[in-house]
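Novice: Below you'll find the structure I mean.
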Amino acid sequence: MSIRRTTSAVVSAVAVTAAAVASVPAAASAHGYVNTFHRLSTFPAYLNSSIDDTAAAEISTVTEDGRTVVYTDSPGKRLGFIDITDASKPRPAGTLAVGGEPTSVAHLGRLLLAGVNTRTSFTSPSGKLVVIDSRTRKVVREIDLGGQPDSVAVAPSGRYIAVAIENERDEDVNDGAIPQAPAGWLSVIDTRTWKVSKVSLSGLSSVAPTDPEPEYVSINSRDEAVVSLQENNHLAVVSLRSGRVISDFSAGSVTLSGVDTLDDDQIVLDGSITAKREPDGVAWITDDLFATANEGDYEGGSRGWSIFNKKTGKVVWDAGNTLEHIAVEHGQYPDKRSDAKGIEVENVAFARMRGVPYIFVNSERGNFTAAYDVTNPAKPRFKQLMPTTNAPEGVVAVPSRNLVVVSSEEEDPSIGIRGSVQIFGLGGSSSSSHSSSSSSSSSLSFPSFSSSSSDTQISSRDDIPWGALSALSPVPGSRDKLVSVTDSVYTPTRILTLSTDGVISRELVVTKDGVPAGYDAEGLVARKQGGYWLAVEGSSSSANLLVRLNSAGAVQEEIPLSADVAAAITSNGLEGVAETGKYVWVAVQRAIKGDPANTARIGRYDTTTRTWSWLLYPLDTAPTGWVGLSELVAVDADTFAVIERDNQRGTLAAVKKIYTFDVPSSWTGTPGVAKKLRKDLLPALKAGNGWVQDKVEGLAVAGNGRTYAVTDNDGLDDATGETVFLDLGRLL
């Protein structure tokens with residue numbers, strides 16, 4: 001399937017007035033707002049304890065009144081609470097210990113229902129359902145489930161609660177192969193009596209009939225539960241009234257072509273796989289149709305999602321390779337997972353908002369939630385991609401307020417990744433009077449860029465893979481075109497043409513001696529006379545280089561730094577390049593050996609004399625981590641702009657600034673320069689209400705006179721993967 005058929009609305013954006021937010025994303029004015037999901041807020045789970053605490057957010061529910069998000073915090077053995085009376089300004093509302101590891105939470109009226117794992121070993125599973133009054137937070141009752149719960153669902157009728165008792169396998173035993181006793185089952189609780197009954201799911205699958213391991217459960221309006229038996233690649237539909245399995249069938253396999261199957265620092269969509277779906281999350285669309293998130297486990301993962309008919313077991317629709325292609329187009333594809341389960345679709349949720357039935361699909365490894373219009377379940381229409389924080393696990397919709405709540409579980413403070421809950425709203429505001437969200441609360445388009453190739457001589461693919469944008473430059477003679485370059489996250493190095501309204505239209509592969517070449521390109525300038533300069537950052541095994549390319553991207557010259565500077569540069573080398581007449585200028589990210597602390601070098605290369613001269617640039621200091629330069633732009637022959645940034649993201653981000661400085665007309669030695677603050681970028685980075693990105697690495701003044709900045713998403717490697725593209729107006 002051609003991706004172009006699915007992406008008519010993918011560069012949807014939030015409309016923002018200049019008075020409301022000083023810096024707007026480049027695509028913001030080009031698309032509608034009312035039917036767009038926009039991010040209202042991001043809430044790190046540690047706000048309910050302390051920044052030094054280990055806290056996660058895995059599965060969430062929202063209380064009946066729509067005012068409180070309740071999430072499972074497995075590391076803390078507790079539930080967390082967030083006051084979302086104002087969804088754009090969530091407030092910490094405390095935690096509640098539940099006496100074990102919470103695996104799922106749902107609500108029934110004013111009651112919260114938490115499945116809690118209390119096992120001491122895989123062979124002796126145990127668990128309970130903790131019933132809590134959401135208003136008083138008092139435990140009303142605890143129900144022994146006799147096994148390890150993994151998913152809790154409440155019937156729309158309110159009559160039944162279903163709990164998938166997984167009794168999960170030990171992945172360190174026999175390479176995680178099943179069967180592994182004891183078997184799991186479905187627990188059914190009648191809310192009139194609170195009595196528990198068991199529905200056996202053994203004997204259904206041919207994979208491991210004695211070990212069903214039910215994973216996820218959802219209930220329709222007929223009191224029928226669909227249960228995913230993930231490791232068994234099987235689905236079962238259970239009548240909760242009779243306690244019987246009324247249908248079951250294999251989830252089947254999918255053969256995909258046009259996917260990346262190699263972890264090789266390249267995104268090449270030319271591979272094929274045949275894989276079992278092995279669904280995780282499930283959600284009813286109608287009483288007869290349900291959706292599955294085909295995450296896969298140890299034998300599968302089809303990189304997409306499907307819609308099944310409960311009666312026949314037939315697949316009504318399957319995403320095939322399209323969701324992965326959408327991830328590629330939007331710079332959210334995790335290449336390092338190419339040899340595994342790709343984007344790894346984790347969960348699905350259904351809701352009708354403003355008359356439109358939506359399915360929301362979480363990609364655990366791509367770090368996004370995709371929204372589909374399922375008005376016609378046989379032909380779902382992709383509407384929008386919403387970048388999230390790392391490893392989105394839970395997704396729940398609040399139709400009364402037109403909200404979508406996504407909870408992400410990955411927690412790694414050492415790299416600035418924190419478990420969090422994000423709230424997205426449909427249109428200008430939610431319909432509930434409790435919400436106060438307006439177009440001025442967010443300036444982030446979803447996503448900032450998308451790609452499609454119209455240049456068949458450069459690329460034969462329908463979509464141009466991209467990410468790790470490490471620089472920006474205007475295209476000489478164009479009002480609305482920029483170029484960027486990919487860094488060492490990908491190989492070979494590619495120069496990408498971008499439009500200021502958010503479209504990547506062309507890629508140019510850098511070659512050396514006729515062969516594709518890989519550099520850690522951290523700076524780029526397009527030359528007026530044609531061709532490019534690259535600033536290449538060195539490493540312990542390679543040199544920092546100034547590289548000249550012709551207009552076809554072929555290397556014409558590699559220029560080393562002066563010997564004294566080259567020998568003194570640490571691991572943080574060249575990060576920007578600019579050109580003025582016969583001079584080419586570079587920025588070194590951090591202090592070199594022998595220079596004063598909190599300084600960086602600005603280098604000038606004379607292309608006539610082939611000599612280097614150097615200046616000292618004074619760096620800011622940050623409360624946490626280090627500060628360095630990440631871009632260099634020539635404003636005129638004597639004035640330059642730089643980006644100064646710290647290496648922190650999220651709530652610890654403190655220094656993301658644009659400074660200008662003037663250079664002396666001539667100098668000897670290594671004099672210092674004086675700088676002038678032109679723009680603090682933190683407000684613009686925070687305006688998207690997401691996890692503040694650390695690597696602001698591209699800056700350019702386009703032919704239209706406006707200044708643009710872009711972040712490097714590190715190719716989703718230990719990063720959220722979100723790329724932020726900012727229109728800073730007539731700044732420089």
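Convention: chains lettered A, B, ... in structure tokens order; per-chain residue numbering from 1; ligands numbered from 1 as shown.
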As a ChimeraX atom specification, please: the residues near segment 403-413 of chain A (cut-off 7 Å, only C-alpha atoms, same-chain neighbours under 2 positions excluded).

Specialist: /A:55-60,389-399,401,415-426,430

Novice: Output C-alpha atoms for every residue in that selection, as a PDB file, in the first residue's frame.

Specialist:
```
ATOM      1  CA  ALA A  55       8.559   6.044  39.425  1.00  0.00           C
ATOM      2  CA  ALA A  56       6.761   4.801  36.332  1.00  0.00           C
ATOM      3  CA  ALA A  57       3.352   5.067  34.710  1.00  0.00           C
ATOM      4  CA  GLU A  58       2.195   1.949  32.907  1.00  0.00           C
ATOM      5  CA  ILE A  59      -1.590   1.581  32.710  1.00  0.00           C
ATOM      6  CA  SER A  60      -4.032   4.413  33.410  1.00  0.00           C
ATOM      7  CA  THR A 389       7.578   9.966  25.836  1.00  0.00           C
ATOM      8  CA  ASN A 390       9.395   6.622  25.914  1.00  0.00           C
ATOM      9  CA  ALA A 391       7.572   3.284  25.830  1.00  0.00           C
ATOM     10  CA  PRO A 392       3.895   4.272  25.787  1.00  0.00           C
ATOM     11  CA  GLU A 393       2.070   1.357  27.394  1.00  0.00           C
ATOM     12  CA  GLY A 394      -1.373   2.539  28.432  1.00  0.00           C
ATOM     13  CA  VAL A 395      -3.867   4.552  26.404  1.00  0.00           C
ATOM     14  CA  VAL A 396      -7.335   5.548  27.565  1.00  0.00           C
ATOM     15  CA  ALA A 397      -9.815   8.014  26.107  1.00  0.00           C
ATOM     16  CA  VAL A 398     -12.190  10.362  27.915  1.00  0.00           C
ATOM     17  CA  PRO A 399     -14.921  11.093  25.354  1.00  0.00           C
ATOM     18  CA  ARG A 401     -13.835  15.794  27.568  1.00  0.00           C
ATOM     19  CA  ILE A 415      19.692   9.741  30.481  1.00  0.00           C
ATOM     20  CA  GLY A 416      16.855  12.092  31.379  1.00  0.00           C
ATOM     21  CA  ILE A 417      14.014   9.699  30.486  1.00  0.00           C
ATOM     22  CA  ARG A 418      11.201   9.566  33.033  1.00  0.00           C
ATOM     23  CA  GLY A 419       7.976   7.591  33.254  1.00  0.00           C
ATOM     24  CA  SER A 420       5.145   9.991  32.526  1.00  0.00           C
ATOM     25  CA  VAL A 421       1.528  10.602  31.633  1.00  0.00           C
ATOM     26  CA  GLN A 422       0.670  12.780  28.648  1.00  0.00           C
ATOM     27  CA  ILE A 423      -2.718  14.289  27.897  1.00  0.00           C
ATOM     28  CA  PHE A 424      -3.896  15.107  24.392  1.00  0.00           C
ATOM     29  CA  GLY A 425      -7.046  17.027  23.517  1.00  0.00           C
ATOM     30  CA  LEU A 426      -9.150  17.061  20.367  1.00  0.00           C
ATOM     31  CA  SER A 430     -12.498  19.713  25.750  1.00  0.00           C
TER      32      SER A 430
END
```

Novice: Set out as a tab-separated table a contact list for segment 250-300 of chain A and segment 140-157 of chain A with a cut-off of 12 Å, giving each residue of segment 250-300 of chain A that qualifies its closest atom pair and distance in Å to one decimal, counting only C-alpha atoms, ordered by chain and rising residue number.

Specialist:
```
residue	atom	partner	partner_atom	distance
A:Asp280	CA	A:Ser151	CA	10.4
A:Gly281	CA	A:Ser151	CA	9.3
A:Val282	CA	A:Ser151	CA	10.6
A:Ala283	CA	A:Ala153	CA	10.4
A:Trp284	CA	A:Pro156	CA	11.3
A:Asp287	CA	A:Pro156	CA	11.4
```

Novice: Out of A:Gly109, A:Leu96, A:Asp520, A:Tyr532, which residue has the shortest atom-to-atom distance to Asn550 of chain A when counting only C-alpha atoms?

Specialist: A:Tyr532

Novice: Taking the DSSP secondary structure from the backbone, can you list the residues of segment 512-541 of chain A that are strand (DSSP E or B), as a list in words?

Specialist: Lys512, Val515, Pro516, Ala521, Glu522, Gly523, Leu524, Val525, Ala526, Tyr532, Trp533, Leu534, Ala535, Val536 and Ser539 of chain A

Novice: Take the residues just selected and output them with all heavy atoms as a CSV table (one decimal), in the first residue's frame.

Specialist:
```csv
chain,number,residue,atom,x,y,z
A,512,LYS,N,32.1,9.4,-1.4
A,512,LYS,CA,33.5,9.7,-1.5
A,512,LYS,C,34.1,8.7,-2.4
A,512,LYS,O,33.9,7.5,-2.2
A,512,LYS,CB,34.1,9.6,-0.1
A,512,LYS,CG,35.6,9.9,-0.1
A,512,LYS,CD,36.2,9.8,1.4
A,512,LYS,CE,37.7,10.1,1.4
A,512,LYS,NZ,38.2,10.0,2.8
A,515,VAL,N,31.6,6.2,-3.7
A,515,VAL,CA,31.0,5.2,-2.7
A,515,VAL,C,30.3,6.0,-1.6
A,515,VAL,O,30.8,7.0,-1.1
A,515,VAL,CB,32.1,4.3,-2.1
A,515,VAL,CG1,31.5,3.3,-1.1
A,515,VAL,CG2,32.8,3.5,-3.2
A,516,PRO,N,29.1,5.6,-1.2
A,516,PRO,CA,28.4,6.3,-0.1
A,516,PRO,C,29.3,6.4,1.1
A,516,PRO,O,30.0,5.4,1.5
A,516,PRO,CB,27.2,5.4,0.1
A,516,PRO,CG,26.9,4.8,-1.2
A,516,PRO,CD,28.2,4.5,-1.8
A,521,ALA,N,28.3,14.1,10.7
A,521,ALA,CA,28.1,15.4,10.3
A,521,ALA,C,27.3,16.2,11.3
A,521,ALA,O,26.1,15.9,11.5
A,521,ALA,CB,27.5,15.4,8.9
A,522,GLU,N,27.9,17.2,11.9
A,522,GLU,CA,27.2,18.0,12.9
A,522,GLU,C,27.0,19.5,12.4
A,522,GLU,O,26.4,20.2,13.2
A,522,GLU,CB,28.0,18.0,14.2
A,522,GLU,CG,28.1,16.6,14.8
A,522,GLU,CD,26.8,16.1,15.4
A,522,GLU,OE1,25.9,16.9,15.5
A,522,GLU,OE2,26.7,14.9,15.7
A,523,GLY,N,27.5,19.8,11.3
A,523,GLY,CA,27.3,21.2,10.8
A,523,GLY,C,27.1,21.1,9.2
A,523,GLY,O,27.7,20.3,8.6
A,524,LEU,N,26.3,22.0,8.7
A,524,LEU,CA,26.1,22.0,7.2
A,524,LEU,C,25.8,23.5,6.8
A,524,LEU,O,25.1,24.2,7.4
A,524,LEU,CB,24.9,21.2,6.9
A,524,LEU,CG,24.3,21.2,5.5
A,524,LEU,CD1,25.2,20.6,4.5
A,524,LEU,CD2,22.9,20.6,5.5
A,525,VAL,N,26.4,23.8,5.7
A,525,VAL,CA,26.0,25.1,5.0
A,525,VAL,C,26.0,24.8,3.5
A,525,VAL,O,26.9,24.2,2.9
A,525,VAL,CB,27.0,26.2,5.4
A,525,VAL,CG1,28.4,26.0,4.9
A,525,VAL,CG2,26.4,27.6,4.8
A,526,ALA,N,24.8,25.3,2.9
A,526,ALA,CA,24.7,25.2,1.4
A,526,ALA,C,25.4,26.4,0.8
A,526,ALA,O,25.1,27.6,1.2
A,526,ALA,CB,23.3,25.1,1.0
A,532,TYR,N,28.3,22.1,-0.8
A,532,TYR,CA,28.1,22.2,0.6
A,532,TYR,C,29.4,22.2,1.4
A,532,TYR,O,30.4,21.6,0.9
A,532,TYR,CB,27.2,21.1,1.1
A,532,TYR,CG,25.9,20.9,0.4
A,532,TYR,CD1,25.9,20.1,-0.8
A,532,TYR,CD2,24.8,21.5,0.8
A,532,TYR,CE1,24.7,19.9,-1.5
A,532,TYR,CE2,23.6,21.3,0.1
A,532,TYR,CZ,23.6,20.5,-1.1
A,532,TYR,OH,22.4,20.3,-1.8
A,533,TRP,N,29.4,22.7,2.6
A,533,TRP,CA,30.4,22.4,3.6
A,533,TRP,C,29.8,21.6,4.7
A,533,TRP,O,28.7,21.9,5.2
A,533,TRP,CB,31.0,23.7,4.2
A,533,TRP,CG,31.9,24.5,3.3
A,533,TRP,CD1,31.6,25.7,2.7
A,533,TRP,CD2,33.3,24.2,3.0
A,533,TRP,NE1,32.7,26.2,2.0
A,533,TRP,CE2,33.7,25.3,2.2
A,533,TRP,CE3,34.1,23.2,3.4
A,533,TRP,CZ2,35.0,25.3,1.7
A,533,TRP,CZ3,35.4,23.3,2.9
A,533,TRP,CH2,35.9,24.3,2.0
A,534,LEU,N,30.6,20.6,5.2
A,534,LEU,CA,30.2,19.8,6.3
A,534,LEU,C,31.2,20.1,7.5
A,534,LEU,O,32.4,20.1,7.2
A,534,LEU,CB,30.2,18.3,6.0
A,534,LEU,CG,29.2,17.8,5.0
A,534,LEU,CD1,29.4,16.2,4.9
A,534,LEU,CD2,27.7,18.1,5.4
A,535,ALA,N,30.7,20.2,8.7
A,535,ALA,CA,31.5,20.1,9.9
A,535,ALA,C,31.4,18.7,10.4
A,535,ALA,O,30.3,18.3,10.8
A,535,ALA,CB,31.1,21.2,10.9
A,536,VAL,N,32.5,18.0,10.5
A,536,VAL,CA,32.4,16.6,10.9
A,536,VAL,C,33.1,16.5,12.3
A,536,VAL,O,34.2,16.8,12.5
A,536,VAL,CB,33.1,15.7,9.9
A,536,VAL,CG1,33.2,14.2,10.4
A,536,VAL,CG2,32.4,15.7,8.5
A,539,SER,N,36.2,11.5,16.7
A,539,SER,CA,36.0,10.6,17.8
A,539,SER,C,37.4,10.1,18.2
A,539,SER,O,38.5,10.6,17.7
A,539,SER,CB,35.1,9.4,17.4
A,539,SER,OG,35.8,8.6,16.4
```

Novice: Arg241 of chain A: which residues within 10 Å, counting only C-alpha atoms, same-chain residues fewer than 3 positions away excluded, as a ChimeraX atom specification?

Specialist: /A:159-160,188,190,222-224,238,244

Novice: Go ahead and save the picked residues with N, CA and C atoms, as a compact mmCIF listing (two decimals), in the first residue's frame.

Specialist:
```txt
# COMPACT_ATOMS: atom_id res chain seq x y z
N ARG A 159 -22.04 -4.66 35.33
CA ARG A 159 -22.39 -5.91 36.00
C ARG A 159 -21.16 -6.79 36.29
N TYR A 160 -20.17 -6.74 35.42
CA TYR A 160 -19.06 -7.67 35.56
C TYR A 160 -17.70 -6.95 35.49
N VAL A 188 -13.84 -13.82 36.55
CA VAL A 188 -15.03 -13.00 36.34
C VAL A 188 -15.65 -12.69 37.69
N ASP A 190 -18.81 -10.90 39.64
CA ASP A 190 -20.17 -10.35 39.57
C ASP A 190 -20.25 -9.21 40.58
N ARG A 222 -22.50 -6.24 25.33
CA ARG A 222 -23.26 -7.47 25.53
C ARG A 222 -22.67 -8.33 26.64
N ASP A 223 -21.81 -7.75 27.43
CA ASP A 223 -21.13 -8.48 28.51
C ASP A 223 -20.31 -9.65 27.95
N GLU A 224 -19.65 -9.39 26.83
CA GLU A 224 -18.74 -10.37 26.24
C GLU A 224 -17.33 -9.82 26.29
N VAL A 238 -15.47 -14.54 25.46
CA VAL A 238 -16.11 -15.20 26.61
C VAL A 238 -17.41 -14.48 26.95
N ARG A 244 -18.79 -18.94 29.71
CA ARG A 244 -18.33 -19.90 28.71
C ARG A 244 -17.60 -19.17 27.58
```

Novice: Record the distance separating atom CA of Val361 of chain A and atom CA of Ala327 of chain A, expressed in Å with one decimal.

Specialist: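 Atom CA of Ala327 of chain A lies at a distance of 12.2 Å from atom CA of Val361 of chain A.
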
Novice: Fewer than 4 positions away in the same chain doesn't count, so skip those; otherwise give me all residues within 12 Å of Thr292 of chain A, counting only C-alpha atoms, as a PyMOL selection string.

Specialist: chain A and resi 215-218+226-230+233-235+251-252+277-285+296+301-310+315-319+345-350+359-362

Novice: Which polymer residues have any atom within 9 Å of an atom of Ala597 of chain A, counting only C-alpha atoms, with same-chain residues fewer than 5 positions away left out, as a PDB file with N, CA, C and O atoms, in the first residue's frame?

Specialist:
```
ATOM      1  N   ARG A 590      32.833  22.152  22.921  1.00  0.00           N
ATOM      2  CA  ARG A 590      33.232  22.427  24.306  1.00  0.00           C
ATOM      3  C   ARG A 590      34.710  22.787  24.364  1.00  0.00           C
ATOM      4  O   ARG A 590      35.425  22.737  23.366  1.00  0.00           O
ATOM      5  N   ALA A 591      35.136  23.151  25.567  1.00  0.00           N
ATOM      6  CA  ALA A 591      36.523  23.595  25.752  1.00  0.00           C
ATOM      7  C   ALA A 591      37.504  22.502  25.346  1.00  0.00           C
ATOM      8  O   ALA A 591      37.268  21.311  25.571  1.00  0.00           O
ATOM      9  N   ILE A 592      38.612  22.941  24.733  1.00  0.00           N
ATOM     10  CA  ILE A 592      39.672  22.003  24.402  1.00  0.00           C
ATOM     11  C   ILE A 592      40.704  22.031  25.521  1.00  0.00           C
ATOM     12  O   ILE A 592      40.726  22.930  26.368  1.00  0.00           O
ATOM     13  N   PRO A 618      32.809  32.568  25.218  1.00  0.00           N
ATOM     14  CA  PRO A 618      32.457  32.258  26.612  1.00  0.00           C
ATOM     15  C   PRO A 618      31.118  31.521  26.705  1.00  0.00           C
ATOM     16  O   PRO A 618      30.111  31.959  26.138  1.00  0.00           O
ATOM     17  N   LEU A 619      31.107  30.412  27.408  1.00  0.00           N
ATOM     18  CA  LEU A 619      29.904  29.595  27.553  1.00  0.00           C
ATOM     19  C   LEU A 619      29.183  29.885  28.857  1.00  0.00           C
ATOM     20  O   LEU A 619      29.806  30.218  29.881  1.00  0.00           O
TER      21      LEU A 619
END
```

Novice: What's the 12 Å shell around segment 123-127 of chain A, counting only C-alpha atoms, without same-chain residues fewer than 2 positions away, as a ChimeraX atom specification?

Specialist: /A:98-104,114-121,129-130,142-151,163-170,173,180-184,187

Novice: Go ahead and compute the interatomic distance for atom CA of Ser88 of chain A and atom CA of Ser41 of chain A, in Å to one decimal.

Specialist: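 So the answer is 5.2 Å.
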
Novice: Select, from A:Pro387, A:Pro357, A:Pro683, A:Pro214, the residue with the minimum atom-to-atom distance to Asp373 of chain A, counting only C-alpha atoms.

Specialist: A:Pro357

Novice: Contacts of Gly603 of chain A at 12 Å or less, counting only C-alpha atoms, minus same-chain residues fewer than 4 places along, as a VMD selection string?

Specialist: chain A and resid 535 545 to 546 560 to 562 565 to 566 573 to 579 583 to 589 611 to 617 632 663 670 to 672

Novice: Hey, can you spit out that residue selection with N, CA, C and O atoms as a tab-separated table (two decimals), in the first residue's frame?

Specialist:
```
chain	number	residue	atom	x	y	z
A	535	ALA	N	30.68	20.19	8.69
A	535	ALA	CA	31.54	20.12	9.86
A	535	ALA	C	31.37	18.73	10.45
A	535	ALA	O	30.26	18.33	10.83
A	545	LEU	N	36.87	17.19	10.97
A	545	LEU	CA	37.18	17.60	9.61
A	545	LEU	C	36.23	18.67	9.11
A	545	LEU	O	35.05	18.69	9.49
A	546	LEU	N	36.73	19.50	8.24
A	546	LEU	CA	35.92	20.38	7.41
A	546	LEU	C	35.90	19.73	6.03
A	546	LEU	O	36.95	19.47	5.44
A	560	PRO	N	41.72	19.05	7.59
A	560	PRO	CA	41.89	18.86	9.03
A	560	PRO	C	42.02	20.20	9.74
A	560	PRO	O	42.31	21.23	9.12
A	561	LEU	N	41.82	20.18	11.03
A	561	LEU	CA	42.03	21.37	11.85
A	561	LEU	C	43.52	21.62	12.02
A	561	LEU	O	44.35	20.75	11.72
A	562	SER	N	43.86	22.80	12.50
A	562	SER	CA	45.27	23.05	12.81
A	562	SER	C	45.74	22.02	13.83
A	562	SER	O	44.98	21.57	14.68
A	565	VAL	N	45.11	22.48	17.70
A	565	VAL	CA	43.71	22.33	18.14
A	565	VAL	C	43.24	20.90	17.98
A	565	VAL	O	42.56	20.35	18.85
A	566	ALA	N	43.61	20.28	16.86
A	566	ALA	CA	43.20	18.89	16.63
A	566	ALA	C	43.67	17.98	17.75
A	566	ALA	O	42.95	17.08	18.19
A	573	GLY	N	33.65	17.65	19.57
A	573	GLY	CA	34.36	18.41	18.56
A	573	GLY	C	33.48	19.35	17.78
A	573	GLY	O	32.66	20.08	18.34
A	574	LEU	N	33.64	19.35	16.46
A	574	LEU	CA	32.96	20.33	15.61
A	574	LEU	C	31.44	20.14	15.65
A	574	LEU	O	30.93	19.03	15.54
A	575	GLU	N	30.73	21.30	15.74
A	575	GLU	CA	29.27	21.26	15.84
A	575	GLU	C	28.57	22.30	14.98
A	575	GLU	O	27.37	22.44	15.07
A	576	GLY	N	29.28	23.03	14.17
A	576	GLY	CA	28.63	24.02	13.31
A	576	GLY	C	29.60	24.54	12.28
A	576	GLY	O	30.82	24.49	12.46
A	577	VAL	N	29.05	25.04	11.16
A	577	VAL	CA	29.88	25.57	10.10
A	577	VAL	C	29.14	26.71	9.41
A	577	VAL	O	27.91	26.70	9.30
A	578	ALA	N	29.89	27.72	8.97
A	578	ALA	CA	29.33	28.86	8.25
A	578	ALA	C	30.35	29.32	7.22
A	578	ALA	O	31.54	28.98	7.30
A	579	GLU	N	29.90	30.12	6.25
A	579	GLU	CA	30.79	30.60	5.20
A	579	GLU	C	30.55	32.08	4.95
A	579	GLU	O	29.41	32.52	4.85
A	583	TYR	N	36.26	32.84	3.70
A	583	TYR	CA	36.42	32.20	5.01
A	583	TYR	C	35.33	31.16	5.26
A	583	TYR	O	34.15	31.37	4.93
A	584	VAL	N	35.75	30.07	5.88
A	584	VAL	CA	34.81	29.07	6.40
A	584	VAL	C	35.02	29.01	7.91
A	584	VAL	O	36.17	28.92	8.39
A	585	TRP	N	33.92	29.09	8.64
A	585	TRP	CA	33.97	29.17	10.10
A	585	TRP	C	33.41	27.89	10.72
A	585	TRP	O	32.45	27.31	10.20
A	586	VAL	N	33.99	27.47	11.84
A	586	VAL	CA	33.49	26.29	12.55
A	586	VAL	C	33.37	26.59	14.03
A	586	VAL	O	34.06	27.49	14.56
A	587	ALA	N	32.51	25.85	14.69
A	587	ALA	CA	32.36	25.94	16.14
A	587	ALA	C	32.74	24.61	16.76
A	587	ALA	O	32.30	23.55	16.29
A	588	VAL	N	33.58	24.67	17.78
A	588	VAL	CA	33.91	23.49	18.57
A	588	VAL	C	32.96	23.46	19.76
A	588	VAL	O	32.76	24.49	20.43
A	589	GLN	N	32.40	22.31	20.04
A	589	GLN	CA	31.31	22.27	21.01
A	589	GLN	C	31.72	22.69	22.42
A	589	GLN	O	31.05	23.50	23.05
A	611	THR	N	44.95	28.46	5.99
A	611	THR	CA	45.40	28.56	7.38
A	611	THR	C	44.20	28.74	8.30
A	611	THR	O	43.14	29.23	7.91
A	612	TRP	N	44.43	28.39	9.58
A	612	TRP	CA	43.40	28.50	10.60
A	612	TRP	C	43.72	29.62	11.58
A	612	TRP	O	44.89	29.84	11.92
A	613	SER	N	42.67	30.32	12.04
A	613	SER	CA	42.76	31.27	13.16
A	613	SER	C	41.65	30.92	14.13
A	613	SER	O	40.60	30.37	13.75
A	614	TRP	N	41.84	31.31	15.41
A	614	TRP	CA	40.89	30.85	16.43
A	614	TRP	C	40.49	31.97	17.37
A	614	TRP	O	41.29	32.86	17.70
A	615	LEU	N	39.24	31.90	17.84
A	615	LEU	CA	38.68	32.80	18.84
A	615	LEU	C	38.17	31.98	20.01
A	615	LEU	O	37.82	30.80	19.87
A	616	LEU	N	38.09	32.64	21.17
A	616	LEU	CA	37.52	32.00	22.35
A	616	LEU	C	36.11	32.55	22.59
A	616	LEU	O	35.91	33.77	22.64
A	617	TYR	N	35.17	31.63	22.75
A	617	TYR	CA	33.78	32.01	22.99
A	617	TYR	C	33.41	31.62	24.43
A	617	TYR	O	33.64	30.48	24.85
A	632	LEU	N	26.35	27.11	14.32
A	632	LEU	CA	27.00	28.37	13.99
A	632	LEU	C	26.38	28.89	12.69
A	632	LEU	O	26.29	28.16	11.70
A	663	VAL	N	33.01	39.39	15.34
A	663	VAL	CA	34.41	38.99	15.29
A	663	VAL	C	35.26	40.22	14.96
A	663	VAL	O	34.80	41.13	14.25
A	670	THR	N	44.63	34.17	20.34
A	670	THR	CA	43.27	33.61	20.48
A	670	THR	C	42.45	34.54	21.36
A	670	THR	O	42.23	34.27	22.56
A	671	PRO	N	42.00	35.66	20.82
A	671	PRO	CA	41.23	36.59	21.64
A	671	PRO	C	39.81	36.07	21.93
A	671	PRO	O	39.30	35.20	21.22
A	672	GLY	N	39.21	36.64	22.94
A	672	GLY	CA	37.84	36.29	23.27
A	672	GLY	C	36.86	37.19	22.55
A	672	GLY	O	37.21	38.27	22.05
```
